[in-house]
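Here's the structure, in structure tokens; my notes come after.
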Amino acid sequence: MQVESPKLVAALAELKIEHRPGERLADWTSLGVGGRTDILVIHEPRHLPELVHLLDAEGLPRRFLGGGSNLLVREGELPWVLLHLSTKETQPEFEGRRVKVAAAADLGRTVTECARRNLGGVEGLIGVPGSVGGALRMNAGAYGIEISQFVKTVTLYRAASRSIETVPAAAIGFHYRHTSFAADDIMISAGLELPERPYEEIRAAIKVCNEKRRASQPLNEKSAGCIFKNPPGASAGKMIDELGLKGHRLGGAVVSERHANFFVNRFQATADDLLGLIDFVRQRIRQAFGYELEEEVIVWT
Ligand code: EPU
């Protein structure tokens with residue numbers, strides 16, 4: 001989708017929005033897959049309502065692109081303009097045990113910055129790739145914790161009111177890898193509250209998580225993390241492994257030998273290769289175990 005109208009291009013410049021035409025999503029996602037479209041990089045989130053208004057007036061469909069680490073995008077010319085919050089100037093602000101952090105900030109870096117201020121609790125999230133906003137929207141979790149446990153407020157562009165709102169955590173539904181945010185809500189920042197802990201203790205916990213992750217996940221390959229959610233009381237990775245599907249290949253996509261719930265783009269996979277592999281594995285799990293696996297990765301087709 002191209003932003004062509006000279007009037008819109010001029011309006012974007014006035015809002016200090018960077019127009020990046022014809023970007024390849026393969027360059028913006030950790031899977032390294034996806035077609036082309038225009039990306040609008042927003043430097044001042046307060047302009048979001050105005051931007052949405054301008055795009056709607058031109059009839060341009062839009063989606064929001066965060067860190068791209070949990071996303072499987074189709075090939076070809078994409079039918080949406082993508083909005084993306086600039087990742088520059090995303091230093092967290094501290095006040096006692098409270099932290100205000102931009103949605104565009106890198107999640108792992110945020111964990112480290114908090115540790116330097118003797119604020120812990122979130123060590124388990126250290127190796128989760130992507131942005132704070134993506135983690136909020138998906139309620140990211142690992143090693144026994146979920147980000148929702150530490151959220152006090154979220155500031156977002158709320159599609160329903162077409163305005164920026166700050167909502168208390170109690171007004172948000174946080175579930176396993178799912179939240180009550182609408183698909184077209186856009187995270188702007190979060191207010192977290194973290195427990196105080198000695199830096200050395202946090203650092204040691206971070207080291208343990210990093211080592212566990214390195215030992216059990218294919219961190220050197222292109223992936224989108226876990227492909228399927230775990231069904232209640234069961235492990236998708238374990239079931240896929242038990243069926244002997246590690247190393248199973250479809251086109252350029254392969255079931256990781258290191259963790260069976262990670263599908264890696266090893267041989268220039270296309271979106272169709274990955275989608276085909278997802279369907280194949282889902283079917284095998286249904287036949288063998290009776291579970292209908294739900295995708296954890298976000299699919300844009
Ligand atoms: N297992 C196997 N074979 C495999 C993979 C796992 O037998 O190929 C077994 C493990 O030995 C373990 C069990 O399955 O007994 C669970 O595995 P693991 O501890 O790796 O956790 P997981 O349930 O597969 C979840 C999250 C991960 C997160 C880890 C660590 C989901 C879908 N996945 O994985 O999150 O990093 O726990 O806490 O909830 C993600 O969200 O993208 C993601 C990778």
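Identifiers in the structure tokens: chain A, B, ... in order shown; residue index from 1 per chain; ligand index from 1 in order shown.
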
Quick one: DSSP alpha helix (DSSP H) residues in stretch 39-129 of chain A, as number ranges by chain? A: 48-57, 107-116

Prev. selection, C-alpha atoms, output as a PDB file, in the first residue's frame:
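Generated file (result_33.pdb):
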```
ATOM      1  CA  LEU A  48      -1.517   9.366  16.686  1.00  0.00           C
ATOM      2  CA  PRO A  49      -5.175  10.533  16.713  1.00  0.00           C
ATOM      3  CA  GLU A  50      -4.428  13.082  13.984  1.00  0.00           C
ATOM      4  CA  LEU A  51      -2.519  10.506  11.934  1.00  0.00           C
ATOM      5  CA  VAL A  52      -5.342   7.962  12.126  1.00  0.00           C
ATOM      6  CA  HIS A  53      -7.796  10.672  11.124  1.00  0.00           C
ATOM      7  CA  LEU A  54      -5.679  11.586   8.072  1.00  0.00           C
ATOM      8  CA  LEU A  55      -5.332   7.956   6.936  1.00  0.00           C
ATOM      9  CA  ASP A  56      -9.059   7.319   7.366  1.00  0.00           C
ATOM     10  CA  ALA A  57      -9.874  10.441   5.350  1.00  0.00           C
ATOM     11  CA  LEU A 107      12.007  -5.184  26.411  1.00  0.00           C
ATOM     12  CA  GLY A 108      15.363  -6.773  27.242  1.00  0.00           C
ATOM     13  CA  ARG A 109      17.088  -3.393  27.522  1.00  0.00           C
ATOM     14  CA  THR A 110      14.330  -2.202  29.832  1.00  0.00           C
ATOM     15  CA  VAL A 111      14.901  -5.197  32.129  1.00  0.00           C
ATOM     16  CA  THR A 112      18.616  -4.325  32.234  1.00  0.00           C
ATOM     17  CA  GLU A 113      18.017  -0.607  32.886  1.00  0.00           C
ATOM     18  CA  CYS A 114      15.697  -1.500  35.773  1.00  0.00           C
ATOM     19  CA  ALA A 115      18.301  -3.898  37.201  1.00  0.00           C
ATOM     20  CA  ARG A 116      20.830  -1.035  37.300  1.00  0.00           C
TER      21      ARG A 116
END
```

Can you work out which residues are within 9 Å of ligand 1, considering only C-alpha atoms and all ligand atoms, and then hand them over as a ChimeraX atom specification? /A:69-70,124-125,127-129,138,140-145,176-177,209,212-213,216-217,224-231,234-242,246,256-262,295-297

Give the strand (DSSP E) residues of stretch 68-153 of chain A, as DSSP finds them on the backbone, and put them as an NGL selection string. :A and (71-73 or 81-85 or 93-95 or 98-102 or 141-142 or 145-146 or 151-153)

Do you have the atom CA of A:Ile147-atom CA of A:Ser223 distance handy?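 These two atoms are separated by 21.5 Å.
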
Atomic separation - atom CA of A:Ile126 relative to atom CA of A:Val255, Å: 24.0 Å

Spatial neighbours of stretch 159-170 of chain A, max dist 10 Å, only C-alpha atoms, sep filter under 5 positions, as a ChimeraX atom specification: /A:45-50,52-53,148-154,181-192

Write the selection just made, keeping N, CA and C atoms, as a PDB file, in the first residue's frame?
```
ATOM      1  N   PRO A  45       4.169  10.328  19.746  1.00  0.00           N
ATOM      2  CA  PRO A  45       2.934   9.547  19.820  1.00  0.00           C
ATOM      3  C   PRO A  45       1.675  10.398  20.018  1.00  0.00           C
ATOM      4  N   ARG A  46       1.828  11.622  20.549  1.00  0.00           N
ATOM      5  CA  ARG A  46       0.626  12.451  20.757  1.00  0.00           C
ATOM      6  C   ARG A  46      -0.054  12.767  19.420  1.00  0.00           C
ATOM      7  N   HIS A  47       0.679  12.579  18.302  1.00  0.00           N
ATOM      8  CA  HIS A  47       0.078  12.842  16.989  1.00  0.00           C
ATOM      9  C   HIS A  47      -0.758  11.672  16.458  1.00  0.00           C
ATOM     10  N   LEU A  48      -0.815  10.560  17.202  1.00  0.00           N
ATOM     11  CA  LEU A  48      -1.517   9.366  16.686  1.00  0.00           C
ATOM     12  C   LEU A  48      -2.970   9.623  16.278  1.00  0.00           C
ATOM     13  N   PRO A  49      -3.779  10.327  17.127  1.00  0.00           N
ATOM     14  CA  PRO A  49      -5.175  10.533  16.713  1.00  0.00           C
ATOM     15  C   PRO A  49      -5.266  11.286  15.382  1.00  0.00           C
ATOM     16  N   GLU A  50      -4.426  12.291  15.217  1.00  0.00           N
ATOM     17  CA  GLU A  50      -4.428  13.082  13.984  1.00  0.00           C
ATOM     18  C   GLU A  50      -4.008  12.215  12.786  1.00  0.00           C
ATOM     19  N   VAL A  52      -4.276   8.916  12.459  1.00  0.00           N
ATOM     20  CA  VAL A  52      -5.342   7.962  12.126  1.00  0.00           C
ATOM     21  C   VAL A  52      -6.445   8.683  11.348  1.00  0.00           C
ATOM     22  N   HIS A  53      -6.763   9.876  11.798  1.00  0.00           N
ATOM     23  CA  HIS A  53      -7.796  10.672  11.124  1.00  0.00           C
ATOM     24  C   HIS A  53      -7.405  10.931   9.657  1.00  0.00           C
ATOM     25  N   SER A 148       2.159  -8.602  33.016  1.00  0.00           N
ATOM     26  CA  SER A 148       0.975  -8.014  33.660  1.00  0.00           C
ATOM     27  C   SER A 148       1.109  -7.904  35.174  1.00  0.00           C
ATOM     28  N   GLN A 149       1.940  -8.769  35.786  1.00  0.00           N
ATOM     29  CA  GLN A 149       2.098  -8.738  37.247  1.00  0.00           C
ATOM     30  C   GLN A 149       2.695  -7.413  37.732  1.00  0.00           C
ATOM     31  N   PHE A 150       3.316  -6.667  36.826  1.00  0.00           N
ATOM     32  CA  PHE A 150       4.054  -5.465  37.223  1.00  0.00           C
ATOM     33  C   PHE A 150       3.445  -4.180  36.663  1.00  0.00           C
ATOM     34  N   VAL A 151       2.369  -4.324  35.886  1.00  0.00           N
ATOM     35  CA  VAL A 151       1.774  -3.154  35.213  1.00  0.00           C
ATOM     36  C   VAL A 151       0.834  -2.420  36.166  1.00  0.00           C
ATOM     37  N   LYS A 152       1.006  -1.087  36.255  1.00  0.00           N
ATOM     38  CA  LYS A 152       0.083  -0.260  37.053  1.00  0.00           C
ATOM     39  C   LYS A 152      -0.863   0.508  36.128  1.00  0.00           C
ATOM     40  N   THR A 153      -0.301   1.073  35.050  1.00  0.00           N
ATOM     41  CA  THR A 153      -1.123   1.813  34.085  1.00  0.00           C
ATOM     42  C   THR A 153      -0.599   1.559  32.668  1.00  0.00           C
ATOM     43  N   VAL A 154      -1.474   1.745  31.703  1.00  0.00           N
ATOM     44  CA  VAL A 154      -1.046   1.705  30.301  1.00  0.00           C
ATOM     45  C   VAL A 154      -1.613   2.940  29.608  1.00  0.00           C
ATOM     46  N   PHE A 181      -7.084  -5.658  25.045  1.00  0.00           N
ATOM     47  CA  PHE A 181      -6.924  -4.543  24.112  1.00  0.00           C
ATOM     48  C   PHE A 181      -7.539  -4.912  22.762  1.00  0.00           C
ATOM     49  N   ALA A 182      -8.094  -3.894  22.069  1.00  0.00           N
ATOM     50  CA  ALA A 182      -8.660  -4.146  20.734  1.00  0.00           C
ATOM     51  C   ALA A 182      -7.507  -4.273  19.737  1.00  0.00           C
ATOM     52  N   ALA A 183      -7.788  -4.953  18.612  1.00  0.00           N
ATOM     53  CA  ALA A 183      -6.732  -5.209  17.623  1.00  0.00           C
ATOM     54  C   ALA A 183      -6.104  -3.912  17.127  1.00  0.00           C
ATOM     55  N   ASP A 184      -6.900  -2.839  17.039  1.00  0.00           N
ATOM     56  CA  ASP A 184      -6.325  -1.586  16.523  1.00  0.00           C
ATOM     57  C   ASP A 184      -6.007  -0.552  17.609  1.00  0.00           C
ATOM     58  N   ASP A 185      -5.979  -0.971  18.871  1.00  0.00           N
ATOM     59  CA  ASP A 185      -5.425  -0.102  19.916  1.00  0.00           C
ATOM     60  C   ASP A 185      -3.905  -0.050  19.724  1.00  0.00           C
ATOM     61  N   ILE A 186      -3.302   1.067  20.093  1.00  0.00           N
ATOM     62  CA  ILE A 186      -1.846   1.184  19.948  1.00  0.00           C
ATOM     63  C   ILE A 186      -1.235   1.544  21.304  1.00  0.00           C
ATOM     64  N   MET A 187      -0.352   0.683  21.793  1.00  0.00           N
ATOM     65  CA  MET A 187       0.312   0.934  23.079  1.00  0.00           C
ATOM     66  C   MET A 187       1.257   2.130  22.918  1.00  0.00           C
ATOM     67  N   ILE A 188       1.275   3.014  23.911  1.00  0.00           N
ATOM     68  CA  ILE A 188       2.198   4.165  23.856  1.00  0.00           C
ATOM     69  C   ILE A 188       3.241   4.082  24.978  1.00  0.00           C
ATOM     70  N   SER A 189       2.773   3.836  26.203  1.00  0.00           N
ATOM     71  CA  SER A 189       3.742   3.665  27.291  1.00  0.00           C
ATOM     72  C   SER A 189       3.091   2.893  28.428  1.00  0.00           C
ATOM     73  N   ALA A 190       3.931   2.463  29.358  1.00  0.00           N
ATOM     74  CA  ALA A 190       3.413   1.721  30.510  1.00  0.00           C
ATOM     75  C   ALA A 190       4.020   2.262  31.783  1.00  0.00           C
ATOM     76  N   GLY A 191       3.231   2.226  32.848  1.00  0.00           N
ATOM     77  CA  GLY A 191       3.750   2.519  34.184  1.00  0.00           C
ATOM     78  C   GLY A 191       3.875   1.198  34.908  1.00  0.00           C
ATOM     79  N   LEU A 192       5.096   0.841  35.283  1.00  0.00           N
ATOM     80  CA  LEU A 192       5.325  -0.427  35.989  1.00  0.00           C
ATOM     81  C   LEU A 192       5.707  -0.141  37.436  1.00  0.00           C
TER      82      LEU A 192
END
```
